[in-house]
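Colleague: Just one file: structure-v8.txt, with compact mmCIF, C-alpha atoms.
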```
# COMPACT_ATOMS: atom_id res chain seq x y z
CA MET A 88 61.94 -102.84 19.80
CA ARG A 89 61.59 -101.20 16.39
CA ILE A 90 57.91 -101.43 15.55
CA LEU A 91 56.48 -100.75 12.12
CA LEU A 92 52.93 -99.46 11.90
CA TRP A 93 50.87 -97.22 9.67
CA HIS A 94 49.24 -94.06 10.98
CA VAL A 95 45.67 -95.27 10.52
CA HIS A 96 43.76 -94.35 13.67
CA GLY A 97 45.13 -91.04 14.94
CA SER A 98 43.89 -91.11 18.53
CA TRP A 99 44.91 -94.73 19.13
CA THR A 100 48.31 -94.12 17.53
CA ASP A 101 48.75 -91.07 19.74
CA ALA A 102 48.70 -93.36 22.77
CA PHE A 103 50.60 -96.28 21.24
CA VAL A 104 53.66 -94.30 20.09
CA ARG A 105 54.18 -92.83 23.56
CA GLY A 106 55.49 -96.20 24.72
CA ARG A 107 59.03 -97.44 25.35
CA HIS A 108 59.97 -98.46 21.81
CA GLU A 109 61.00 -96.98 18.47
CA TYR A 110 58.09 -96.52 16.09
CA LEU A 111 58.50 -96.56 12.31
CA LEU A 112 55.69 -94.86 10.37
CA PRO A 113 55.65 -95.14 6.55
CA VAL A 114 55.45 -91.80 4.79
CA LEU A 115 54.75 -90.95 1.14
CA PRO A 116 55.07 -87.58 -0.60
CA GLU A 117 51.33 -87.55 -1.22
CA GLY A 118 50.50 -88.70 2.30
CA GLY A 119 47.19 -90.53 2.24
CA ALA A 120 46.13 -93.74 3.95
CA TRP A 121 49.41 -95.50 3.13
CA GLY A 122 51.86 -92.69 3.84
CA LEU A 123 50.55 -90.31 6.47
CA GLY A 124 53.66 -90.52 8.65
CA ARG A 125 53.57 -88.26 11.70
CA ALA A 126 51.17 -85.84 9.95
CA GLY A 127 52.55 -82.98 12.02
CA ARG A 128 51.66 -84.60 15.33
CA ASP A 129 53.51 -83.60 18.48
CA TRP A 130 54.95 -87.06 19.09
CA PRO A 131 58.19 -88.18 20.78
CA GLU A 132 61.45 -88.34 18.84
CA SER A 133 61.20 -92.13 19.01
CA VAL A 134 58.53 -91.88 16.29
CA ARG A 135 60.34 -91.86 12.92
CA GLU A 136 58.99 -91.48 9.43
CA VAL A 137 60.37 -94.08 7.02
CA ASP A 138 60.32 -94.78 3.31
CA LEU A 139 58.96 -98.31 3.32
CA ALA A 140 60.36 -99.07 -0.12
CA ALA A 141 63.88 -98.28 1.10
CA LEU A 142 63.57 -99.80 4.58
CA ASP A 143 65.85 -102.71 5.41
CA GLY A 144 63.68 -105.64 6.46
CA ASP A 145 66.13 -106.52 9.24
CA ALA A 146 65.62 -103.05 10.75
CA VAL A 147 62.13 -104.05 11.89
CA ASP A 148 61.57 -106.15 15.02
CA ALA A 149 57.78 -106.25 14.89
CA VAL A 150 54.85 -104.99 12.87
CA VAL A 151 51.47 -103.89 14.17
CA LEU A 152 48.88 -104.40 11.45
CA GLN A 153 45.56 -102.58 11.36
CA ARG A 154 44.24 -103.50 7.88
CA PRO A 155 44.32 -106.94 6.23
CA GLU A 156 45.93 -105.46 3.11
CA GLU A 157 49.02 -104.58 5.15
CA ILE A 158 50.02 -108.26 5.33
CA ASP A 159 50.89 -108.42 1.64
CA GLU A 160 52.43 -104.94 1.70
CA VAL A 161 54.81 -105.88 4.52
CA ALA A 162 55.79 -109.14 2.82
CA ARG A 163 56.39 -107.39 -0.50
CA SER A 164 58.32 -104.44 0.94
CA LEU A 165 60.38 -106.15 3.65
CA GLY A 166 60.74 -109.63 2.19
CA ARG A 167 59.52 -111.09 5.48
CA ILE A 168 56.22 -112.86 6.07
CA PRO A 169 54.15 -111.43 8.94
CA GLY A 170 53.55 -114.01 11.64
CA VAL A 171 56.06 -116.43 10.11
CA ASP A 172 59.46 -114.76 10.21
CA LEU A 173 58.37 -111.39 11.61
CA LEU A 174 56.70 -110.81 14.98
CA THR A 175 53.23 -109.55 14.08
CA VAL A 176 49.97 -108.58 15.75
CA PHE A 177 46.77 -107.28 14.21
CA VAL A 178 44.83 -104.54 16.00
CA GLU A 179 41.09 -104.60 15.34
CA HIS A 180 39.66 -101.15 16.07
CA ASN A 181 36.11 -101.71 14.85
CA THR A 182 32.88 -103.49 15.50
CA PRO A 183 31.85 -105.90 12.72
CA LYS A 184 29.81 -104.45 9.88
CA GLY A 185 27.17 -106.20 7.81
CA ASN A 186 25.30 -109.36 8.77
CA PHE A 187 26.01 -109.19 12.49
CA PRO A 188 26.48 -111.46 14.40
CA ASN A 189 27.51 -113.79 11.58
CA ILE A 190 30.62 -111.87 10.51
CA SER A 191 33.98 -113.63 10.40
CA HIS A 192 37.06 -111.58 11.07
CA PRO A 193 39.41 -111.25 8.05
CA LEU A 194 42.12 -113.10 10.04
CA SER A 195 39.83 -115.78 11.43
CA ASP A 196 41.28 -118.64 9.32
CA GLN A 197 44.88 -118.49 10.56
CA THR A 198 46.73 -119.15 13.80
CA VAL A 199 50.03 -117.29 13.51
CA ILE A 200 48.93 -113.65 13.92
CA PRO A 201 47.13 -112.78 17.15
CA VAL A 202 44.21 -110.37 16.88
CA VAL A 203 44.18 -107.65 19.53
CA HIS A 204 40.73 -106.20 20.08
CA VAL A 205 40.44 -102.79 21.71
CA THR A 206 37.26 -103.69 23.61
CA HIS A 207 35.81 -106.83 25.12
CA PHE A 208 32.60 -106.26 23.18
CA ASN A 209 34.52 -106.34 19.89
CA ARG A 210 36.18 -109.62 20.79
CA LEU A 211 32.76 -111.07 21.58
CA ALA A 212 31.05 -109.61 18.51
CA TRP A 213 33.50 -110.83 15.87
CA ASP A 214 33.68 -114.48 14.82
CA ASN A 215 37.43 -114.86 15.36
CA GLY A 216 37.58 -118.46 14.16
CA SER A 217 40.94 -120.09 14.94
CA ALA A 218 42.81 -116.81 15.38
CA PRO A 219 44.36 -116.28 18.82
CA THR A 220 42.78 -113.20 20.40
CA THR A 221 43.25 -110.90 23.34
CA VAL A 222 41.96 -107.52 24.49
CA ILE A 223 44.07 -104.46 25.24
CA GLU A 224 41.76 -101.65 26.24
CA HIS A 225 42.39 -98.07 25.19
CA GLY A 226 44.88 -95.80 26.87
CA ILE A 227 44.46 -92.04 26.90
CA PRO A 228 47.23 -89.45 27.37
CA ASP A 229 45.74 -87.47 30.24
CA PRO A 230 44.78 -83.96 29.03
CA GLY A 231 44.21 -82.87 32.63
CA GLN A 232 41.07 -81.86 34.48
CA LEU A 233 40.11 -78.96 32.20
CA TYR A 234 36.36 -79.00 32.81
CA THR A 235 34.72 -75.66 33.53
CA GLY A 236 31.15 -76.42 32.37
CA GLU A 237 30.62 -72.70 32.03
CA LEU A 238 28.32 -73.09 29.01
CA PRO A 239 24.85 -74.61 29.65
CA GLU A 240 25.22 -76.63 26.47
CA LEU A 241 25.79 -80.23 25.38
CA GLY A 242 29.08 -81.20 23.73
CA VAL A 243 29.26 -83.94 21.09
CA VAL A 244 32.32 -85.23 19.23
CA VAL A 245 31.67 -87.24 16.07
CA ASN A 246 33.34 -87.56 12.68
CA GLU A 247 31.23 -87.46 9.53
CA PRO A 248 27.85 -87.46 11.30
CA VAL A 249 25.87 -86.71 8.13
CA ARG A 250 27.30 -89.64 6.16
CA ARG A 251 27.31 -92.11 9.04
CA GLY A 252 23.79 -91.34 10.21
CA ARG A 253 22.26 -93.90 12.55
CA VAL A 254 25.63 -95.55 13.26
CA THR A 255 26.71 -92.43 15.16
CA GLY A 256 23.23 -91.61 16.48
CA THR A 257 22.91 -88.52 14.30
CA ASP A 258 19.13 -89.02 14.22
CA LEU A 259 19.07 -88.64 18.03
CA LEU A 260 20.59 -85.16 18.01
CA PRO A 261 17.28 -83.28 17.54
CA ALA A 262 15.97 -84.77 20.78
CA PHE A 263 19.10 -83.68 22.66
CA ALA A 264 18.90 -80.24 21.03
CA SER A 265 15.43 -79.83 22.54
CA VAL A 266 17.07 -80.08 25.97
CA ALA A 267 19.99 -77.69 25.41
CA PRO A 268 21.99 -76.24 22.51
CA LEU A 269 24.57 -78.56 20.97
CA GLN A 270 28.18 -77.92 20.12
CA VAL A 271 29.33 -80.62 17.69
CA PHE A 272 33.04 -81.17 17.09
CA GLY A 273 34.67 -83.43 14.51
CA MET A 274 35.47 -83.91 10.86
CA LYS A 275 32.86 -83.02 8.23
CA THR A 276 30.26 -81.61 10.59
CA ASP A 277 29.33 -78.84 8.11
CA GLY A 278 25.72 -79.12 7.02
CA LEU A 279 24.73 -81.07 10.11
CA ALA A 280 22.10 -78.57 11.23
CA ALA A 281 20.36 -78.70 7.87
CA ALA A 282 20.62 -82.50 7.66
CA THR A 283 19.01 -82.96 11.08
CA GLY A 284 16.51 -80.11 10.84
CA ILE A 285 17.99 -78.45 13.91
CA GLY A 286 18.06 -74.67 13.76
CA ASP A 287 21.39 -72.87 13.82
CA ALA A 288 20.50 -71.43 17.22
CA ARG A 289 20.42 -74.93 18.70
CA LEU A 290 23.41 -76.53 16.92
CA THR A 291 26.87 -75.15 16.27
CA SER A 292 29.28 -77.15 14.12
CA ARG A 293 32.76 -76.52 15.49
CA GLY A 294 34.69 -78.60 12.97
CA ASP A 295 37.89 -80.60 13.37
CA LEU A 296 39.96 -78.72 15.94
CA LYS A 297 43.48 -79.57 16.99
CA THR A 298 43.51 -81.85 20.01
CA ARG A 299 44.48 -79.22 22.58
CA ASP A 300 41.89 -76.76 21.25
CA LEU A 301 39.25 -79.48 21.18
CA HIS A 302 39.86 -80.40 24.80
CA ARG A 303 39.74 -76.79 25.94
CA GLU A 304 36.56 -75.93 24.02
CA LEU A 305 34.77 -79.18 24.79
CA ALA A 306 35.46 -78.80 28.51
CA ARG A 307 33.52 -75.53 28.51
CA CYS A 308 30.30 -77.45 27.74
CA ARG A 309 28.22 -78.49 30.75
CA VAL A 310 27.69 -82.12 29.63
CA TYR A 311 29.19 -84.53 27.11
CA VAL A 312 26.68 -86.55 25.05
CA HIS A 313 27.72 -89.82 23.41
CA PRO A 314 24.89 -90.99 21.09
CA MET A 315 26.87 -93.68 19.21
CA ARG A 316 24.88 -96.80 18.33
CA TRP A 317 27.48 -99.03 16.72
CA THR A 318 31.03 -97.88 17.18
CA SER A 319 33.80 -99.66 19.01
CA LEU A 320 34.27 -97.24 21.91
CA GLY A 321 34.67 -93.61 20.98
CA LEU A 322 37.95 -92.28 22.30
CA SER A 323 36.28 -88.88 22.50
CA LEU A 324 34.10 -90.30 25.28
CA LEU A 325 37.14 -91.41 27.23
CA GLU A 326 38.82 -88.07 26.61
CA ALA A 327 35.73 -86.22 27.88
CA MET A 328 35.79 -88.34 31.02
CA HIS A 329 39.49 -87.54 31.50
CA LEU A 330 38.62 -83.85 31.18
CA GLY A 331 36.25 -84.24 34.13
CA MET A 332 33.02 -83.93 32.15
CA PRO A 333 29.75 -85.60 33.20
CA VAL A 334 28.56 -87.89 30.42
CA VAL A 335 25.22 -88.97 28.95
CA VAL A 336 25.84 -92.17 27.03
CA LEU A 337 23.81 -94.51 24.88
CA ALA A 338 24.11 -98.01 26.36
CA ALA A 339 25.52 -99.69 23.26
CA THR A 340 28.57 -101.85 22.51
CA GLU A 341 31.28 -101.30 25.18
CA ALA A 342 29.81 -98.18 26.83
CA PRO A 343 28.13 -99.94 29.80
CA ARG A 344 31.51 -101.39 30.83
CA ALA A 345 33.40 -98.14 30.29
CA VAL A 346 31.14 -95.69 32.11
CA PRO A 347 29.90 -96.00 35.71
CA GLN A 348 26.45 -94.59 36.46
CA GLU A 349 28.01 -92.15 38.92
CA ALA A 350 29.61 -90.40 35.93
CA GLY A 351 26.21 -89.34 34.56
CA VAL A 352 23.96 -91.90 32.94
CA VAL A 353 24.32 -94.91 30.62
CA SER A 354 21.01 -96.08 29.22
CA ALA A 355 19.18 -97.34 26.14
CA ASP A 356 16.11 -95.41 27.32
CA MET A 357 16.11 -92.11 25.43
CA ASP A 358 13.68 -90.53 27.90
CA GLU A 359 16.09 -91.30 30.73
CA LEU A 360 19.03 -89.90 28.77
CA LEU A 361 17.16 -86.68 28.03
CA ARG A 362 16.02 -86.27 31.63
CA CYS A 363 19.56 -86.69 32.90
CA ALA A 364 20.98 -84.29 30.31
CA GLU A 365 18.41 -81.66 31.25
CA ARG A 366 19.06 -82.09 34.98
CA LEU A 367 22.84 -81.84 34.62
CA VAL A 368 22.57 -78.71 32.48
CA ALA A 369 20.34 -77.15 35.15
CA LYS A 370 22.48 -78.29 38.11
CA PRO A 371 26.14 -77.35 37.56
CA GLU A 372 27.25 -78.62 40.96
CA GLU A 373 25.87 -82.09 40.30
CA ALA A 374 27.44 -81.95 36.85
CA ARG A 375 30.82 -81.16 38.37
CA ARG A 376 30.49 -83.95 40.95
CA ARG A 377 29.61 -86.53 38.31
CA GLY A 378 32.43 -85.26 36.12
CA LEU A 379 34.90 -85.98 38.91
CA ALA A 380 33.55 -89.54 39.11
CA ALA A 381 33.94 -89.86 35.34
CA ARG A 382 37.56 -88.72 35.50
CA GLU A 383 38.40 -91.10 38.35
CA ALA A 384 36.92 -94.06 36.45
CA ALA A 385 38.72 -93.14 33.22
CA LEU A 386 42.09 -92.76 34.90
CA GLU A 387 41.68 -96.14 36.59
CA ARG A 388 40.71 -98.19 33.53
CA TYR A 389 42.04 -96.20 30.58
CA GLY A 390 45.22 -94.65 31.89
CA LEU A 391 48.14 -94.46 29.48
CA GLY A 392 50.54 -96.37 31.74
CA LYS A 393 48.24 -99.37 32.00
CA PHE A 394 47.82 -99.43 28.22
CA GLN A 395 51.57 -99.32 27.63
CA ASP A 396 52.24 -102.04 30.20
CA ARG A 397 49.74 -104.39 28.55
CA TRP A 398 51.35 -103.85 25.15
CA ASP A 399 54.82 -104.46 26.53
CA GLU A 400 53.63 -107.70 28.16
CA LEU A 401 52.09 -108.92 24.91
CA LEU A 402 55.11 -108.07 22.77
CA ALA A 403 57.52 -109.64 25.26
CA ASP A 404 55.42 -112.80 25.35
CA LEU A 405 55.27 -113.07 21.56
CA ARG A 406 58.98 -112.39 21.25
CA SER A 407 59.78 -115.29 23.55
CA ARG A 408 57.82 -117.77 21.44
CA PRO A 409 59.49 -119.75 18.64
CA ARG A 410 58.95 -118.38 15.14
CA HIS A 411 57.20 -120.42 12.48
CA SER A 412 59.09 -121.19 9.31
CA VAL A 413 57.56 -121.06 5.86
CA ASN A 414 58.07 -124.82 5.48
CA GLU A 415 56.28 -125.49 8.78
CA ARG A 416 53.21 -123.55 7.83
CA PRO A 417 50.43 -125.81 6.46
CA ASP A 418 48.29 -124.69 3.57
CA GLU A 419 45.32 -123.95 5.83
CA ARG A 420 47.35 -121.25 7.58
CA ILE A 421 47.14 -118.91 4.61
CA LEU A 422 46.88 -115.58 6.36
CA VAL A 423 44.34 -113.77 4.24
CA PRO A 424 42.36 -115.35 1.40
CA ALA A 425 43.55 -113.98 -1.94
CA ARG A 426 40.06 -112.74 -2.81
CA GLU A 427 40.16 -110.44 0.25
CA ARG A 428 43.63 -109.04 -0.43
CA LYS A 429 44.16 -105.64 -1.95
CA THR A 430 47.26 -103.90 -3.20
CA PRO A 431 47.82 -100.45 -1.64
```
Show this structure as structure tokens.

Modeller:
Amino acid sequence: MRILLWHVHGSWTDAFVRGRHEYLLPVLPEGGAWGLGRAGRDWPESVREVDLAALDGDAVDAVVLQRPEEIDEVARSLGRIPGVDLLTVFVEHNTPKGNFPNISHPLSDQTVIPVVHVTHFNRLAWDNGSAPTTVIEHGIPDPGQLYTGELPELGVVVNEPVRRGRVTGTDLLPAFASVAPLQVFGMKTDGLAAATGIGDARLTSRGDLKTRDLHRELARCRVYVHPMRWTSLGLSLLEAMHLGMPVVVLAATEAPRAVPQEAGVVSADMDELLRCAERLVAKPEEARRRGLAAREAALERYGLGKFQDRWDELLADLRSRPRHSVNERPDERILVPARERKTP
């Protein structure tokens, strides 16, 4: 199939485009959220950059939406209505924001576009209304068992920790820094030491490294710490587990399902998390043993092949169903209320 999707979530896209289809990614000269294209990623040749304005609507077999605004953009650019005369799914990457748990999903008032949640917690947390829903859990391209744990330090991967604050557990970092020095990887980590009051000797901001460099450097840390309070399920956690790292994880959202206790510890008790982090830093053999358990669990549940199979099953099932016609669609099936639509 020829699948149109925007490059919105880099890590998720990295797994999705390694499937068995042809992937069409809109590109614009200025790049940005609506035209990032491949962005220099080392992706298969089946991933093609396209000029959406010049793309023949009949050249697309399916579209994978990730933002509500994309519905109008696809209809305007391709002359085909998502979910009506074009096979369409919507991937929801995020937990609901705002007045949780009373948050309706943007596609909750329609029945023609299925919403694919990336975690079971997300499906439970959103009010999906009449929208058909399913869950396809993450898949991770296996980076290999790179763990050395040679540094008695704690590794953290988080984007924009200063801006996002409590959402990403930034306020918890000083407590972890009291156990062992932190290496923090991710976008916009500059200024994190000053923002948290952690001295430079106890926190090193490593910045946004390329994926291969990130994996290699992160795997040198003795333990991976995942302090996220309210994120879907950080792919960096699953990557760390694939690397063979022991993990210390805040028991929030999907984490208790994703991480077995043998892999380190999953708890909402900060004292327990700190005790475990301290013990694993001090006991490299136990850290290595728990890291092996983490890798085994990650390969079993979040392997790339399983992820691709689930997507192929869903797309094949949707393709076999009869398409709706514009005349068949009742007024209440309006896909996204006009007040919520935006023009890219």

Colleague: Skipping near chain neighbours, those fewer than 4 positions away, what residues fall within 9 Å of A:Ala345 using all atoms listed in the file, listed as a list in words?

Modeller: Leu320, Leu325, Glu341, Ala384, Ala385, Arg388 and Tyr389 of chain A

Colleague: Report the distance between atom CA of A:Ala218 and atom CA of A:Ala120 in Å, rounded to one decimal place.

Modeller: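 Between atom CA of A:Ala218 and atom CA of A:Ala120 the gap works out to 26.0 Å.
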
Colleague: Find, counting only C-alpha atoms, the residue in A:Ile227, A:Val254, A:Ala264, A:Leu152 that gets nearest to A:Ala280.

Modeller: A:Ala264

Colleague: Calculate how many Å separate atom CA of A:Ser319 from atom CA of A:Phe177, rounding to one decimal.

Modeller: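 Between these atoms lies a distance of 15.8 Å.
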
Colleague: Give the answer as one residue: which of A:Ile190, A:Leu123, A:Val95, A:Val266 has the shortest atom-to-atom distance to A:Arg210, using only C-alpha atoms?

Modeller: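 The closest residue to A:Arg210 is A:Ile190.
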
Colleague: Could you tell me how far atom CA of A:Ser164 sits from atom CA of A:Ala141, in Å to one decimal place?

Modeller: 8.3 Å

Colleague: Excluding same-chain residues fewer than 2 positions from A:Asp145, what lies within 12 Å of it counting only C-alpha atoms, as a PyMOL selection string?

Modeller: chain A and resi 88-91+141-143+147-150+164-167+172-174

Colleague: Could you give me, as a Markdown table, a per-residue list for stretch 201-271 of chain A showing, wherever an atom lies at most 9 Å from an atom of stretch 363-368 of chain A, the closest pair of atoms and their distance in Å to one decimal, using only C-alpha atoms and sorting by chain then residue number from low to high?

Modeller:
```
| residue | atom | partner | partner_atom | distance |
| --- | --- | --- | --- | --- |
| A:Gly236 | CA | A:Val368 | CA | 8.9 |
| A:Leu238 | CA | A:Val368 | CA | 8.8 |
| A:Pro239 | CA | A:Val368 | CA | 5.5 |
| A:Glu240 | CA | A:Val368 | CA | 6.9 |
| A:Leu241 | CA | A:Val368 | CA | 7.9 |
| A:Phe263 | CA | A:Ala364 | CA | 7.9 |
| A:Val266 | CA | A:Glu365 | CA | 5.7 |
| A:Ala267 | CA | A:Glu365 | CA | 7.2 |
```

Colleague: Save the residues we just selected, C-alpha atoms, as a PDB file, in the frame of the given file?

Modeller:
```
ATOM      1  CA  GLY A 236      31.150 -76.420  32.370  1.00  0.00           C
ATOM      2  CA  LEU A 238      28.320 -73.090  29.010  1.00  0.00           C
ATOM      3  CA  PRO A 239      24.850 -74.610  29.650  1.00  0.00           C
ATOM      4  CA  GLU A 240      25.220 -76.630  26.470  1.00  0.00           C
ATOM      5  CA  LEU A 241      25.790 -80.230  25.380  1.00  0.00           C
ATOM      6  CA  PHE A 263      19.100 -83.680  22.660  1.00  0.00           C
ATOM      7  CA  VAL A 266      17.070 -80.080  25.970  1.00  0.00           C
ATOM      8  CA  ALA A 267      19.990 -77.690  25.410  1.00  0.00           C
TER       9      ALA A 267
END
```

Colleague: Might you pull out every residue within 8 Å of A:Val176, with only C-alpha atoms counted and same-chain residues fewer than 2 positions away left off, and present them as a ChimeraX atom specification?

Modeller: /A:150-152,170,174,178,200-203

Colleague: List the neighbours of A:Val335 out to 9 Å using only C-alpha atoms; skip same-chain residues closer than 4 positions along the sequence, and give me the result as a list in words.

Modeller: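 With the cut-off at 9 Å, the set is Val310, Tyr311, Val312, His313, Pro314, Ala350, Gly351, Val352, Val353, Ser354, Leu360, Leu361, Cys363 and Ala364 of chain A.
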
Colleague: Identify which of the residues A:Pro230, A:Pro371, A:Gly252, A:Gly284 lies closest to A:Met328, counting all atoms listed in the file when measuring atom-to-atom distances.

Modeller: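 Of A:Pro230, A:Pro371, A:Gly252, A:Gly284, the one nearest A:Met328 is A:Pro230, counting all atoms listed in the file.
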
Colleague: Pick the closest to A:Pro228 from A:Glu387, A:Asp404, A:Asp101, A:Glu136: which is it, counting only C-alpha atoms?

Modeller: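 The answer is A:Asp101, which sits nearest to A:Pro228.
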
Colleague: Any chance you could model N, CA and C atoms for stretch 217-232 of chain A and send them as an mmCIF file, keeping the file's coordinate frame?

Modeller:
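Listed below is the output, result.cif:
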```cif
data_model
loop_
_atom_site.group_PDB
_atom_site.id
_atom_site.type_symbol
_atom_site.label_atom_id
_atom_site.label_comp_id
_atom_site.auth_asym_id
_atom_site.auth_seq_id
_atom_site.Cartn_x
_atom_site.Cartn_y
_atom_site.Cartn_z
ATOM 1 N N SER A 217 39.787 -119.462 14.274
ATOM 2 C CA SER A 217 40.940 -120.090 14.940
ATOM 3 C C SER A 217 42.008 -119.088 15.347
ATOM 4 N N ALA A 218 41.798 -117.812 15.059
ATOM 5 C CA ALA A 218 42.810 -116.810 15.380
ATOM 6 C C ALA A 218 42.950 -116.644 16.890
ATOM 7 N N PRO A 219 44.179 -116.602 17.403
ATOM 8 C CA PRO A 219 44.360 -116.280 18.820
ATOM 9 C C PRO A 219 43.961 -114.824 19.056
ATOM 10 N N THR A 220 43.261 -114.552 20.142
ATOM 11 C CA THR A 220 42.780 -113.200 20.400
ATOM 12 C C THR A 220 43.081 -112.770 21.828
ATOM 13 N N THR A 221 43.155 -111.476 22.013
ATOM 14 C CA THR A 221 43.250 -110.900 23.340
ATOM 15 C C THR A 221 42.628 -109.508 23.274
ATOM 16 N N VAL A 222 42.506 -108.870 24.418
ATOM 17 C CA VAL A 222 41.960 -107.520 24.490
ATOM 18 C C VAL A 222 42.967 -106.620 25.204
ATOM 19 N N ILE A 223 43.308 -105.516 24.566
ATOM 20 C CA ILE A 223 44.070 -104.460 25.240
ATOM 21 C C ILE A 223 43.224 -103.197 25.121
ATOM 22 N N GLU A 224 42.656 -102.798 26.245
ATOM 23 C CA GLU A 224 41.760 -101.650 26.240
ATOM 24 C C GLU A 224 42.529 -100.357 25.975
ATOM 25 N N HIS A 225 41.797 -99.349 25.567
ATOM 26 C CA HIS A 225 42.390 -98.070 25.190
ATOM 27 C C HIS A 225 43.183 -97.441 26.327
ATOM 28 N N GLY A 226 44.175 -96.657 25.939
ATOM 29 C CA GLY A 226 44.880 -95.800 26.870
ATOM 30 C C GLY A 226 44.804 -94.373 26.372
ATOM 31 N N ILE A 227 44.639 -93.436 27.276
ATOM 32 C CA ILE A 227 44.460 -92.040 26.900
ATOM 33 C C ILE A 227 45.553 -91.179 27.542
ATOM 34 N N PRO A 228 46.327 -90.440 26.761
ATOM 35 C CA PRO A 228 47.230 -89.450 27.370
ATOM 36 C C PRO A 228 46.377 -88.424 28.118
ATOM 37 N N ASP A 229 46.605 -88.291 29.399
ATOM 38 C CA ASP A 229 45.740 -87.470 30.240
ATOM 39 C C ASP A 229 45.845 -85.987 29.858
ATOM 40 N N PRO A 230 44.739 -85.381 29.370
ATOM 41 C CA PRO A 230 44.780 -83.960 29.030
ATOM 42 C C PRO A 230 44.689 -83.059 30.252
ATOM 43 N N GLY A 231 44.380 -83.655 31.402
ATOM 44 C CA GLY A 231 44.210 -82.870 32.630
ATOM 45 C C GLY A 231 42.739 -82.559 32.877
ATOM 46 N N GLN A 232 42.439 -82.175 34.095
ATOM 47 C CA GLN A 232 41.070 -81.860 34.480
ATOM 48 C C GLN A 232 40.770 -80.411 34.039
#
```
